[in-house]
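*Asks:* First, the structure itself, so that you have it in front of you.
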Number of protein chains: 2
Amino acid sequence: MVRELLEALDQAGVRLTGQRRDLAALIARRQGHFTAADLLADAEKRSLSIGRATVFRLLELLADQNLVERVDLPDGRHAYVPCEPSHHHHLVCVSCGAISEVDDCGIDAVTAEAARRSGFEIQSHRLELFGRCPRCQNVEPRQ
Amino acid sequence: MVRELLEALDQAGVRLTGQRRDLAALIARRQGHFTAADLLADAEKRSLSIGRATVFRLLELLADQNLVERVDLPDGRHAYVPCEPSHHHHLVCVSCGAISEVDDCGIDAVTAEAARRSGFEIQSHRLELFGRCPRCQNVEPRQ
DNA sequence: CTCATATTGAGACTTAGTCTCAACTCTGGT
DNA sequence: ACCAGAGTTGAGACTAAGTCTCAATATGAG
């Protein structure tokens, strides 16, 4: 995972600096979604001195490469999720934050129908699913 | 529209204060989505002195009543949309900000399939569609 | 190794939103 | 119409997220 991130950065034609390697490692060892503040805290915990601006800049870079995606949590906060670069959607566990990816499986029909009804020319869409992952269901069933 | 907002507030068992009436009027005369800052600016323009906290408090109230919904624009900003209280999704025009509502028309099948594949227990979902509304398509076709 | 250039970080700044608390204003009861 | 008490308000401090600037630094092509 670290390797993929670094390779992608390399392919993007940017420099592989120490900070970027460190951040890639921090992202790789994260489970589920995380915020910019999480990364900053991780870096601090390991005495890596990385500026706030650098974190946001890297996240933007990775987002441009579709290696990380921005999701909006139900409470309105922004988080990032490392993911495959192909188009897909996310299932977010509201208990533990775990993320699972799902592919389109039928959304296109829905958007086409919506376009037909409304007259809109649809350019993009975003679907986020919130619920509980299998593990959290086992821990405390039928919460 | 103003009337609906005020009635809903009344039903929610809260007081109908001058500020709430003013804000309801400002929301009613807005087209498409708006941000809290927009309302604040509107209020200032009309020399209505309404505090920032009051605006956020009213938006929260209306959101609780499902009379307003929070949408996350593609650029990451938060906006609010006045809407029907039933479950539905939004089409957002990226040119002019116009909003159109669409009902589920098939999403449930998609979420059910995603749940089956992932093992998640899905509690809620959010679908946002971005594109250009019919009017903007006419103004500048095939942008 | 060198040098042009990309990158970095400190910190000021902006924007969104929350919180507190004293002052104010609805509204139901009389 | 009046009162009292509970709900509401606004100023402004505060927090968090994110952006921007610019001098100093690190990278990597040659």
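Numbering starts fresh at 1 for the residues of each chain in the structure tokens, the chains themselves are lettered A, B, ... in the order given, and ligands are numbered from 1 as they appear.
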Give the residues of chain D that lie within 9 Å of chain A; count only C-alpha atoms (C1' of nucleotides), and format the answer as a PyMOL selection string.

*Replies:* chain D and resi 17-19+26-28

*Asks:* Lay chain B over chain A using all C-alpha atoms, matched one to one in order, with a least-squares fit; then write it out as an mmCIF file with C-alpha atoms, in the first residue's frame.

*Replies:*
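Written output follows (result_37.cif):
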```
data_model
loop_
_atom_site.group_PDB
_atom_site.id
_atom_site.type_symbol
_atom_site.label_atom_id
_atom_site.label_comp_id
_atom_site.auth_asym_id
_atom_site.auth_seq_id
_atom_site.Cartn_x
_atom_site.Cartn_y
_atom_site.Cartn_z
ATOM 1 C CA MET B 1 -0.018 -0.022 0.050
ATOM 2 C CA VAL B 2 2.796 2.372 0.862
ATOM 3 C CA ARG B 3 4.465 1.224 -2.296
ATOM 4 C CA GLU B 4 1.382 1.953 -4.381
ATOM 5 C CA LEU B 5 1.109 5.424 -2.969
ATOM 6 C CA LEU B 6 4.744 6.203 -3.623
ATOM 7 C CA GLU B 7 4.631 4.780 -7.121
ATOM 8 C CA ALA B 8 1.603 6.864 -7.915
ATOM 9 C CA LEU B 9 3.332 9.980 -6.665
ATOM 10 C CA ASP B 10 6.330 9.131 -8.765
ATOM 11 C CA GLN B 11 4.147 8.705 -11.819
ATOM 12 C CA ALA B 12 2.516 12.021 -11.114
ATOM 13 C CA GLY B 13 5.919 13.558 -11.683
ATOM 14 C CA VAL B 14 6.410 14.986 -8.227
ATOM 15 C CA ARG B 15 9.375 14.623 -5.933
ATOM 16 C CA LEU B 16 9.583 11.831 -3.426
ATOM 17 C CA THR B 17 10.458 13.778 -0.347
ATOM 18 C CA GLY B 18 10.913 12.495 3.153
ATOM 19 C CA GLN B 19 7.676 14.037 4.286
ATOM 20 C CA ARG B 20 5.737 12.393 1.511
ATOM 21 C CA ARG B 21 7.212 9.011 2.341
ATOM 22 C CA ASP B 22 6.374 9.478 5.991
ATOM 23 C CA LEU B 23 2.847 10.547 5.242
ATOM 24 C CA ALA B 24 2.314 7.677 2.847
ATOM 25 C CA ALA B 25 3.365 5.313 5.617
ATOM 26 C CA LEU B 26 0.977 6.936 8.066
ATOM 27 C CA ILE B 27 -1.892 6.684 5.610
ATOM 28 C CA ALA B 28 -1.088 3.079 4.836
ATOM 29 C CA ARG B 29 -1.279 2.022 8.452
ATOM 30 C CA ARG B 30 -4.644 3.678 9.010
ATOM 31 C CA GLN B 31 -7.779 1.583 8.946
ATOM 32 C CA GLY B 32 -10.876 3.116 7.449
ATOM 33 C CA HIS B 33 -11.359 6.825 7.109
ATOM 34 C CA PHE B 34 -9.226 9.511 8.642
ATOM 35 C CA THR B 35 -9.090 13.249 8.698
ATOM 36 C CA ALA B 36 -6.239 15.596 7.994
ATOM 37 C CA ALA B 37 -6.102 16.241 11.725
ATOM 38 C CA ASP B 38 -5.654 12.514 12.357
ATOM 39 C CA LEU B 39 -2.588 12.434 10.168
ATOM 40 C CA LEU B 40 -1.220 15.495 11.850
ATOM 41 C CA ALA B 41 -1.694 13.853 15.226
ATOM 42 C CA ASP B 42 -0.073 10.631 14.021
ATOM 43 C CA ALA B 43 2.908 12.562 12.784
ATOM 44 C CA GLU B 44 3.236 14.394 16.054
ATOM 45 C CA LYS B 45 3.004 11.157 18.012
ATOM 46 C CA ARG B 46 5.972 9.807 16.091
ATOM 47 C CA SER B 47 7.887 13.023 16.362
ATOM 48 C CA LEU B 48 7.798 13.518 12.632
ATOM 49 C CA SER B 49 7.636 17.186 12.112
ATOM 50 C CA ILE B 50 5.283 17.725 9.219
ATOM 51 C CA GLY B 51 3.484 20.971 8.647
ATOM 52 C CA ARG B 52 -0.254 21.292 8.307
ATOM 53 C CA ALA B 53 0.070 22.706 4.814
ATOM 54 C CA THR B 54 2.111 19.690 3.737
ATOM 55 C CA VAL B 55 -0.566 17.294 4.880
ATOM 56 C CA PHE B 56 -3.294 19.112 2.995
ATOM 57 C CA ARG B 57 -1.074 19.372 -0.057
ATOM 58 C CA LEU B 58 -0.407 15.649 -0.107
ATOM 59 C CA LEU B 59 -4.060 14.791 0.379
ATOM 60 C CA GLU B 60 -4.906 17.011 -2.551
ATOM 61 C CA LEU B 61 -2.267 15.317 -4.671
ATOM 62 C CA LEU B 62 -3.553 11.875 -3.775
ATOM 63 C CA ALA B 63 -7.112 12.969 -4.406
ATOM 64 C CA ASP B 64 -6.102 14.167 -7.864
ATOM 65 C CA GLN B 65 -4.680 10.719 -8.498
ATOM 66 C CA ASN B 66 -7.873 9.137 -7.151
ATOM 67 C CA LEU B 67 -5.872 7.243 -4.564
ATOM 68 C CA VAL B 68 -7.735 8.876 -1.785
ATOM 69 C CA GLU B 69 -11.283 10.077 -1.791
ATOM 70 C CA ARG B 70 -13.030 12.625 0.249
ATOM 71 C CA VAL B 71 -16.163 11.472 1.998
ATOM 72 C CA ASP B 72 -18.624 13.509 3.959
ATOM 73 C CA LEU B 73 -19.577 11.820 7.174
ATOM 74 C CA PRO B 74 -23.221 11.986 8.287
ATOM 75 C CA ASP B 75 -22.252 14.489 10.965
ATOM 76 C CA GLY B 76 -20.926 16.849 8.328
ATOM 77 C CA ARG B 77 -17.232 16.289 8.876
ATOM 78 C CA HIS B 78 -14.862 15.614 6.046
ATOM 79 C CA ALA B 79 -12.745 12.538 5.988
ATOM 80 C CA TYR B 80 -10.463 10.811 3.519
ATOM 81 C CA VAL B 81 -10.444 7.192 2.443
ATOM 82 C CA PRO B 82 -7.620 5.418 0.664
ATOM 83 C CA CYS B 83 -9.114 3.573 -2.296
ATOM 84 C CA GLU B 84 -8.837 2.104 -5.727
ATOM 85 C CA PRO B 85 -8.643 4.654 -8.518
ATOM 86 C CA SER B 86 -11.681 3.323 -10.374
ATOM 87 C CA HIS B 87 -15.134 4.805 -9.976
ATOM 88 C CA HIS B 88 -16.998 3.286 -7.075
ATOM 89 C CA HIS B 89 -18.782 4.163 -3.883
ATOM 90 C CA HIS B 90 -18.171 3.707 -0.211
ATOM 91 C CA LEU B 91 -19.851 1.897 2.586
ATOM 92 C CA VAL B 92 -18.946 3.547 5.851
ATOM 93 C CA CYS B 93 -19.345 1.797 9.181
ATOM 94 C CA VAL B 94 -20.823 4.280 11.618
ATOM 95 C CA SER B 95 -19.518 2.329 14.604
ATOM 96 C CA CYS B 96 -15.877 1.756 13.830
ATOM 97 C CA GLY B 97 -15.300 3.804 10.694
ATOM 98 C CA ALA B 98 -14.346 0.843 8.535
ATOM 99 C CA ILE B 99 -14.739 1.426 4.834
ATOM 100 C CA SER B 100 -15.776 -0.977 2.159
ATOM 101 C CA GLU B 101 -15.902 -0.241 -1.528
ATOM 102 C CA VAL B 102 -18.734 -1.195 -3.815
ATOM 103 C CA ASP B 103 -18.904 -0.735 -7.523
ATOM 104 C CA ASP B 104 -21.771 0.826 -9.347
ATOM 105 C CA CYS B 105 -24.046 -2.172 -9.580
ATOM 106 C CA GLY B 106 -27.013 -0.377 -11.044
ATOM 107 C CA ILE B 107 -26.612 3.247 -10.123
ATOM 108 C CA ASP B 108 -26.346 4.295 -13.714
ATOM 109 C CA ALA B 109 -29.920 3.232 -14.359
ATOM 110 C CA VAL B 110 -31.014 5.373 -11.446
ATOM 111 C CA THR B 111 -29.157 8.437 -12.637
ATOM 112 C CA ALA B 112 -30.447 7.951 -16.171
ATOM 113 C CA GLU B 113 -33.997 7.809 -14.886
ATOM 114 C CA ALA B 114 -33.460 10.900 -12.761
ATOM 115 C CA ALA B 115 -32.037 12.721 -15.770
ATOM 116 C CA ARG B 116 -35.015 11.762 -17.894
ATOM 117 C CA ARG B 117 -37.501 12.983 -15.327
ATOM 118 C CA SER B 118 -35.776 16.226 -14.487
ATOM 119 C CA GLY B 119 -34.236 17.258 -17.774
ATOM 120 C CA PHE B 120 -30.872 17.652 -16.069
ATOM 121 C CA GLU B 121 -27.709 16.691 -17.860
ATOM 122 C CA ILE B 122 -25.976 14.667 -15.200
ATOM 123 C CA GLN B 123 -22.215 14.987 -14.973
ATOM 124 C CA SER B 124 -21.321 13.180 -11.792
ATOM 125 C CA HIS B 125 -22.840 11.621 -8.761
ATOM 126 C CA ARG B 126 -21.892 10.626 -5.299
ATOM 127 C CA LEU B 127 -23.386 7.813 -3.313
ATOM 128 C CA GLU B 128 -22.479 7.137 0.259
ATOM 129 C CA LEU B 129 -23.893 4.284 2.284
ATOM 130 C CA PHE B 130 -23.796 4.315 6.046
ATOM 131 C CA GLY B 131 -24.366 1.363 8.318
ATOM 132 C CA ARG B 132 -22.591 -1.225 10.413
ATOM 133 C CA CYS B 133 -19.902 -3.533 9.208
ATOM 134 C CA PRO B 134 -20.125 -7.286 9.830
ATOM 135 C CA ARG B 135 -17.705 -7.143 12.721
ATOM 136 C CA CYS B 136 -19.594 -4.431 14.575
ATOM 137 C CA GLN B 137 -22.835 -6.316 14.055
ATOM 138 C CA ASN B 138 -21.332 -9.266 15.874
ATOM 139 C CA VAL B 139 -19.935 -7.255 18.715
ATOM 140 C CA GLU B 140 -23.269 -5.713 19.555
ATOM 141 C CA PRO B 141 -26.084 -7.126 17.434
ATOM 142 C CA ARG B 142 -29.146 -5.021 16.666
ATOM 143 C CA GLN B 143 -27.868 -1.927 18.331
#
```

*Asks:* What are the closest atom pairs, with distances in Å to one decimal, for all residues of chain C lying within 10 Å of chain B? Consider only C-alpha atoms (C1' of nucleotides), order rows by chain and residue number, and present the result as JSON lines.

*Replies:*
```
{"residue": "C:DT15", "atom": "C1'", "partner": "B:Ala37", "partner_atom": "CA", "distance": 9.2}
{"residue": "C:DA16", "atom": "C1'", "partner": "B:Ala36", "partner_atom": "CA", "distance": 8.7}
{"residue": "C:DG17", "atom": "C1'", "partner": "B:Phe56", "partner_atom": "CA", "distance": 7.8}
{"residue": "C:DT18", "atom": "C1'", "partner": "B:Ala53", "partner_atom": "CA", "distance": 8.2}
{"residue": "C:DC19", "atom": "C1'", "partner": "B:Ala53", "partner_atom": "CA", "distance": 9.3}
{"residue": "C:DT25", "atom": "C1'", "partner": "B:Thr17", "partner_atom": "CA", "distance": 8.0}
{"residue": "C:DC26", "atom": "C1'", "partner": "B:Arg15", "partner_atom": "CA", "distance": 6.5}
{"residue": "C:DT27", "atom": "C1'", "partner": "B:Arg15", "partner_atom": "CA", "distance": 8.3}
```

*Asks:* Output C-alpha atoms (C1' of nucleotides) of each residue in that selection to a file, as an mmCIF file, in the first residue's frame.

*Replies:*
```
data_model
loop_
_atom_site.group_PDB
_atom_site.id
_atom_site.type_symbol
_atom_site.label_atom_id
_atom_site.label_comp_id
_atom_site.auth_asym_id
_atom_site.auth_seq_id
_atom_site.Cartn_x
_atom_site.Cartn_y
_atom_site.Cartn_z
ATOM 1 C "C1'" DT C 15 -14.237 30.489 6.954
ATOM 2 C "C1'" DA C 16 -17.486 27.457 9.305
ATOM 3 C "C1'" DG C 17 -19.451 26.502 13.220
ATOM 4 C "C1'" DT C 18 -19.958 26.234 18.525
ATOM 5 C "C1'" DC C 19 -20.455 28.056 23.104
ATOM 6 C "C1'" DT C 25 -38.891 38.711 24.165
ATOM 7 C "C1'" DC C 26 -42.504 35.458 23.476
ATOM 8 C "C1'" DT C 27 -46.667 33.428 25.206
#
```

*Asks:* Run DSSP on the backbone of this structure and report the residues of chain A it assigns to helix (DSSP H, G or I), as a ChimeraX atom specification.

*Replies:* /A:2-11,18-28,36-45,52-64,107-118,134-139
